[in-house]
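**Student:** One structure follows; several queries about it will come next.
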Number of protein chains: 2
Amino acid sequence: MLSIGDLSKRTGVKVPTIRYYEQMGLLAAAERSEGNQRRYSRQDLERLAFIRHGRDLGLDISAIRELISLSQHPDHPCADADRIASDHLAAVREKIDRLKRLEQELERIVSHCDGGHSIEECYVIRALSDHNLCDSEH
Amino acid sequence: MLSIGDLSKRTGVKVPTIRYYEQMGLLAAAERSEGNQRRYSRQDLERLAFIRHGRDLGLDISAIRELISLSQHPDHPCADADRIASDHLAAVREKIDRLKRLEQELERIVSHCDGGHSIEECYVIRALSDHNLCDSEH
DNA sequence: CCAGGAAGCTCTAGTCTCTAGAGCTATGAA
DNA sequence: TTCATAGCTCTAGAGACTAGAGCTTCCTGG
């Protein structure tokens, strides 16, 4: 059995975050030692690694909760899991697109400014003040 | 003089958000009508448009606060404004990179899963359970 | 001139995913 | 036995809003 600190070290998830996941129902309430400290099994370790991995991939807690519940019905069809992942992929792609548009606009603004003159004529400030100086919507 | 609703319509910033910006010190506390309602001038409109534009570009409130304060010293050098924008650009690029790595990994996971089989053999679930199935760190 | 509804006001709490801190207790090695 | 480290619970804070309650002011039509 692992203490919460051990579990933290092995998964890279911080201690308060583990407690938070328990509170959110992602992890079952852990067994307790005589002194009321949490004790974790190998299964708990795997479950937490699963959660961590999902978070690293940017899935939100409710998606992970759903995936966990799906994973506990091995003979159900996997269409739902596929949909969660696909939806998330689509969301990631949208974010990338949006950020790329931002990147272009910022690039353009910054490239007009060499930092060597006064605020009065600073392109950064002027661009923010006047939307007409922008190339695209954002 | 504009009411808060007028200001909202003209800038596309929602009414509660305008009050929030006032509370955060981005907008000066507005003049009030006899009946204690906020009244805005053309300057306020421009200031809010500036803020909105900064937010649209993804700058956070403290960066915008700093830019506003810089913009009020027209003869200072603009190096600081340049740095804020450049830093932000760098942050945006980092986010893009990270999201692209996610995109690739998710793409790979999703492409292994056609939704047509059972959870037991679902690649989405298996990939989450087993980090070794991943191509890259994330 | 007044009714009624839209728009305004303040204040509080909720969103999401943690993170930090206070104040206390348990564990384990010297 | 001592004492540091690690654990416990509970509350609050972060950022950038958003929603709702309960109240007041404004404006228009009749």
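Labels used: A, B, ... for chains in the order of the structure tokens, numbers from 1 for residues in each chain, and numbers from 1 for ligands as shown.
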Tell me the residues of chain A close to chain C, meaning within 12 Å using only C-alpha atoms (C1' of nucleotides), as a list in words.

**Tutor:**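 Residues passing the distance filter: Ser3, Val13, Lys14, Val15, Pro16, Thr17, Ile18, Arg19, Tyr20, Tyr21, Met24, Ser33, Glu34, Gly35, Asn36, Gln37, Arg38, Arg55, Gly58, Leu59, Asp60, Ile61 and Ser62 of chain A.
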
**Student:** Can you give me chain B superposed onto chain A, least-squares on all Cα in order, written as a PDB file with C-alpha atoms, in the first residue's frame?

**Tutor:**
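Result went into selection.pdb, see below:
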```pdb
ATOM      1  CA  MET B   1      -0.113  -0.159  -0.018  1.00  0.00           C
ATOM      2  CA  LEU B   2       1.124   3.293  -0.915  1.00  0.00           C
ATOM      3  CA  SER B   3       0.838   6.486   1.057  1.00  0.00           C
ATOM      4  CA  ILE B   4      -0.470   9.536  -0.735  1.00  0.00           C
ATOM      5  CA  GLY B   5       3.095  10.849  -0.964  1.00  0.00           C
ATOM      6  CA  ASP B   6       4.300   7.632  -2.623  1.00  0.00           C
ATOM      7  CA  LEU B   7       1.425   7.775  -5.062  1.00  0.00           C
ATOM      8  CA  SER B   8       2.282  11.372  -5.809  1.00  0.00           C
ATOM      9  CA  LYS B   9       5.902  10.534  -6.545  1.00  0.00           C
ATOM     10  CA  ARG B  10       5.021   7.627  -8.783  1.00  0.00           C
ATOM     11  CA  THR B  11       2.462   9.462 -10.865  1.00  0.00           C
ATOM     12  CA  GLY B  12       3.794  13.008 -10.771  1.00  0.00           C
ATOM     13  CA  VAL B  13       0.416  14.231  -9.484  1.00  0.00           C
ATOM     14  CA  LYS B  14       0.760  16.545  -6.501  1.00  0.00           C
ATOM     15  CA  VAL B  15      -0.625  15.472  -3.166  1.00  0.00           C
ATOM     16  CA  PRO B  16      -3.344  18.132  -2.892  1.00  0.00           C
ATOM     17  CA  THR B  17      -4.377  17.359  -6.451  1.00  0.00           C
ATOM     18  CA  ILE B  18      -4.849  13.697  -5.564  1.00  0.00           C
ATOM     19  CA  ARG B  19      -7.142  14.692  -2.712  1.00  0.00           C
ATOM     20  CA  TYR B  20      -8.944  17.024  -5.076  1.00  0.00           C
ATOM     21  CA  TYR B  21      -9.534  14.190  -7.544  1.00  0.00           C
ATOM     22  CA  GLU B  22     -10.958  12.095  -4.740  1.00  0.00           C
ATOM     23  CA  GLN B  23     -13.290  14.930  -3.820  1.00  0.00           C
ATOM     24  CA  MET B  24     -14.341  15.266  -7.460  1.00  0.00           C
ATOM     25  CA  GLY B  25     -15.139  11.572  -7.604  1.00  0.00           C
ATOM     26  CA  LEU B  26     -12.443  10.629 -10.107  1.00  0.00           C
ATOM     27  CA  LEU B  27     -10.726   8.464  -7.572  1.00  0.00           C
ATOM     28  CA  ALA B  28     -12.717   6.320  -5.169  1.00  0.00           C
ATOM     29  CA  ALA B  29     -12.334   7.387  -1.562  1.00  0.00           C
ATOM     30  CA  ALA B  30      -9.127   5.693  -0.478  1.00  0.00           C
ATOM     31  CA  GLU B  31      -8.855   3.108   2.242  1.00  0.00           C
ATOM     32  CA  ARG B  32      -7.473   4.525   5.464  1.00  0.00           C
ATOM     33  CA  SER B  33      -4.758   3.404   7.830  1.00  0.00           C
ATOM     34  CA  GLU B  34      -5.463   3.146  11.561  1.00  0.00           C
ATOM     35  CA  GLY B  35      -4.271   6.710  11.886  1.00  0.00           C
ATOM     36  CA  ASN B  36      -6.704   7.855   9.175  1.00  0.00           C
ATOM     37  CA  GLN B  37      -4.140   8.272   6.419  1.00  0.00           C
ATOM     38  CA  ARG B  38      -4.958   7.305   2.861  1.00  0.00           C
ATOM     39  CA  ARG B  39      -3.601   4.038   1.540  1.00  0.00           C
ATOM     40  CA  TYR B  40      -3.550   3.182  -2.144  1.00  0.00           C
ATOM     41  CA  SER B  41      -3.467  -0.063  -4.087  1.00  0.00           C
ATOM     42  CA  ARG B  42      -1.988  -0.853  -7.459  1.00  0.00           C
ATOM     43  CA  GLN B  43      -5.440  -0.298  -8.994  1.00  0.00           C
ATOM     44  CA  ASP B  44      -5.548   3.187  -7.539  1.00  0.00           C
ATOM     45  CA  LEU B  45      -2.139   3.854  -9.029  1.00  0.00           C
ATOM     46  CA  GLU B  46      -3.330   2.758 -12.453  1.00  0.00           C
ATOM     47  CA  ARG B  47      -6.471   4.806 -12.183  1.00  0.00           C
ATOM     48  CA  LEU B  48      -4.529   7.900 -11.237  1.00  0.00           C
ATOM     49  CA  ALA B  49      -2.081   7.353 -14.079  1.00  0.00           C
ATOM     50  CA  PHE B  50      -5.079   7.145 -16.412  1.00  0.00           C
ATOM     51  CA  ILE B  51      -6.420  10.428 -15.067  1.00  0.00           C
ATOM     52  CA  ARG B  52      -3.066  12.109 -15.282  1.00  0.00           C
ATOM     53  CA  HIS B  53      -2.654  10.948 -18.813  1.00  0.00           C
ATOM     54  CA  GLY B  54      -6.040  12.296 -19.773  1.00  0.00           C
ATOM     55  CA  ARG B  55      -5.278  15.639 -18.173  1.00  0.00           C
ATOM     56  CA  ASP B  56      -1.948  15.767 -19.961  1.00  0.00           C
ATOM     57  CA  LEU B  57      -3.846  15.299 -23.182  1.00  0.00           C
ATOM     58  CA  GLY B  58      -5.998  18.236 -22.164  1.00  0.00           C
ATOM     59  CA  LEU B  59      -9.217  16.378 -21.426  1.00  0.00           C
ATOM     60  CA  ASP B  60     -11.323  18.003 -18.769  1.00  0.00           C
ATOM     61  CA  ILE B  61     -12.436  16.297 -15.603  1.00  0.00           C
ATOM     62  CA  SER B  62     -15.915  15.478 -16.821  1.00  0.00           C
ATOM     63  CA  ALA B  63     -14.542  13.841 -19.968  1.00  0.00           C
ATOM     64  CA  ILE B  64     -12.183  11.781 -17.861  1.00  0.00           C
ATOM     65  CA  ARG B  65     -14.984  10.832 -15.519  1.00  0.00           C
ATOM     66  CA  GLU B  66     -16.948   9.615 -18.502  1.00  0.00           C
ATOM     67  CA  LEU B  67     -14.015   7.659 -19.898  1.00  0.00           C
ATOM     68  CA  ILE B  68     -13.451   5.991 -16.550  1.00  0.00           C
ATOM     69  CA  SER B  69     -17.054   4.963 -16.366  1.00  0.00           C
ATOM     70  CA  LEU B  70     -16.881   3.646 -19.931  1.00  0.00           C
ATOM     71  CA  SER B  71     -13.734   1.700 -19.172  1.00  0.00           C
ATOM     72  CA  GLN B  72     -15.648  -0.192 -16.527  1.00  0.00           C
ATOM     73  CA  HIS B  73     -17.963  -1.720 -19.097  1.00  0.00           C
ATOM     74  CA  PRO B  74     -15.516  -3.652 -21.269  1.00  0.00           C
ATOM     75  CA  ASP B  75     -18.148  -5.116 -23.553  1.00  0.00           C
ATOM     76  CA  HIS B  76     -19.952  -1.902 -24.408  1.00  0.00           C
ATOM     77  CA  PRO B  77     -19.210  -0.477 -27.825  1.00  0.00           C
ATOM     78  CA  CYS B  78     -16.465   2.073 -27.842  1.00  0.00           C
ATOM     79  CA  ALA B  79     -18.230   4.684 -29.940  1.00  0.00           C
ATOM     80  CA  ASP B  80     -18.632   6.992 -26.950  1.00  0.00           C
ATOM     81  CA  ALA B  81     -14.967   6.901 -26.067  1.00  0.00           C
ATOM     82  CA  ASP B  82     -14.155   7.563 -29.672  1.00  0.00           C
ATOM     83  CA  ARG B  83     -16.491  10.527 -29.726  1.00  0.00           C
ATOM     84  CA  ILE B  84     -14.979  12.058 -26.599  1.00  0.00           C
ATOM     85  CA  ALA B  85     -11.511  11.812 -28.053  1.00  0.00           C
ATOM     86  CA  SER B  86     -12.602  13.086 -31.464  1.00  0.00           C
ATOM     87  CA  ASP B  87     -14.476  16.011 -29.994  1.00  0.00           C
ATOM     88  CA  HIS B  88     -11.465  16.904 -27.986  1.00  0.00           C
ATOM     89  CA  LEU B  89      -9.250  16.670 -31.018  1.00  0.00           C
ATOM     90  CA  ALA B  90     -11.564  19.036 -32.845  1.00  0.00           C
ATOM     91  CA  ALA B  91     -11.453  21.459 -29.918  1.00  0.00           C
ATOM     92  CA  VAL B  92      -7.674  21.325 -29.848  1.00  0.00           C
ATOM     93  CA  ARG B  93      -7.560  22.086 -33.555  1.00  0.00           C
ATOM     94  CA  GLU B  94      -9.832  25.057 -33.102  1.00  0.00           C
ATOM     95  CA  LYS B  95      -7.627  26.413 -30.362  1.00  0.00           C
ATOM     96  CA  ILE B  96      -4.598  25.994 -32.571  1.00  0.00           C
ATOM     97  CA  ASP B  97      -6.275  27.866 -35.399  1.00  0.00           C
ATOM     98  CA  ARG B  98      -7.280  30.683 -33.155  1.00  0.00           C
ATOM     99  CA  LEU B  99      -3.843  30.949 -31.616  1.00  0.00           C
ATOM    100  CA  LYS B 100      -2.227  30.967 -35.041  1.00  0.00           C
ATOM    101  CA  ARG B 101      -4.346  33.899 -36.055  1.00  0.00           C
ATOM    102  CA  LEU B 102      -3.292  35.646 -32.864  1.00  0.00           C
ATOM    103  CA  GLU B 103       0.305  34.781 -33.546  1.00  0.00           C
ATOM    104  CA  GLN B 104       0.173  36.380 -36.974  1.00  0.00           C
ATOM    105  CA  GLU B 105      -1.453  39.518 -35.712  1.00  0.00           C
ATOM    106  CA  LEU B 106       0.957  39.860 -32.811  1.00  0.00           C
ATOM    107  CA  GLU B 107       3.890  39.173 -35.082  1.00  0.00           C
ATOM    108  CA  ARG B 108       2.784  41.916 -37.384  1.00  0.00           C
ATOM    109  CA  ILE B 109       2.269  44.351 -34.535  1.00  0.00           C
ATOM    110  CA  VAL B 110       5.572  43.548 -32.881  1.00  0.00           C
ATOM    111  CA  SER B 111       7.509  43.709 -36.147  1.00  0.00           C
ATOM    112  CA  HIS B 112       6.403  47.305 -36.602  1.00  0.00           C
ATOM    113  CA  CYS B 113       7.922  48.209 -33.274  1.00  0.00           C
ATOM    114  CA  ASP B 114      11.649  48.108 -32.621  1.00  0.00           C
ATOM    115  CA  GLY B 115      11.326  49.466 -29.101  1.00  0.00           C
ATOM    116  CA  GLY B 116      13.484  52.406 -30.065  1.00  0.00           C
ATOM    117  CA  HIS B 117      10.987  55.241 -30.163  1.00  0.00           C
ATOM    118  CA  SER B 118       8.382  56.835 -27.960  1.00  0.00           C
ATOM    119  CA  ILE B 119       5.007  55.590 -26.789  1.00  0.00           C
ATOM    120  CA  GLU B 120       3.380  58.282 -28.851  1.00  0.00           C
ATOM    121  CA  GLU B 121       4.309  56.564 -32.081  1.00  0.00           C
ATOM    122  CA  CYS B 122       4.474  53.037 -30.709  1.00  0.00           C
ATOM    123  CA  TYR B 123       2.792  50.626 -33.054  1.00  0.00           C
ATOM    124  CA  VAL B 124       1.833  48.267 -30.238  1.00  0.00           C
ATOM    125  CA  ILE B 125      -0.218  50.961 -28.546  1.00  0.00           C
ATOM    126  CA  ARG B 126      -1.574  52.358 -31.763  1.00  0.00           C
ATOM    127  CA  ALA B 127      -2.676  48.963 -32.988  1.00  0.00           C
ATOM    128  CA  LEU B 128      -4.544  48.344 -29.755  1.00  0.00           C
ATOM    129  CA  SER B 129      -6.218  51.720 -29.951  1.00  0.00           C
ATOM    130  CA  ASP B 130      -7.263  51.356 -33.528  1.00  0.00           C
ATOM    131  CA  HIS B 131      -8.769  48.178 -34.806  1.00  0.00           C
ATOM    132  CA  ASN B 132      -8.349  49.373 -38.365  1.00  0.00           C
ATOM    133  CA  LEU B 133      -4.650  48.714 -38.108  1.00  0.00           C
ATOM    134  CA  CYS B 134      -5.399  45.000 -37.845  1.00  0.00           C
ATOM    135  CA  ASP B 135      -5.247  42.573 -40.689  1.00  0.00           C
ATOM    136  CA  SER B 136      -7.783  40.092 -39.469  1.00  0.00           C
ATOM    137  CA  GLU B 137     -10.591  39.565 -37.029  1.00  0.00           C
ATOM    138  CA  HIS B 138      -9.707  38.072 -33.693  1.00  0.00           C
TER     139      HIS B 138
END
```

**Student:** What residues in chain D lie within 12 Å of chain A, counting only C-alpha atoms (C1' of nucleotides), written as JSON, numbers by chain?

**Tutor:** {"D": [5, 6, 7, 8, 9]}

**Student:** Let's see if you can do this: from backbone DSSP, list all helix (DSSP H, G or I) residues in chain A, as a PyMOL selection string.

**Tutor:** chain A and resi 4-11+15-23+42-56+61-71+79-111+119-121+123-129+131-133
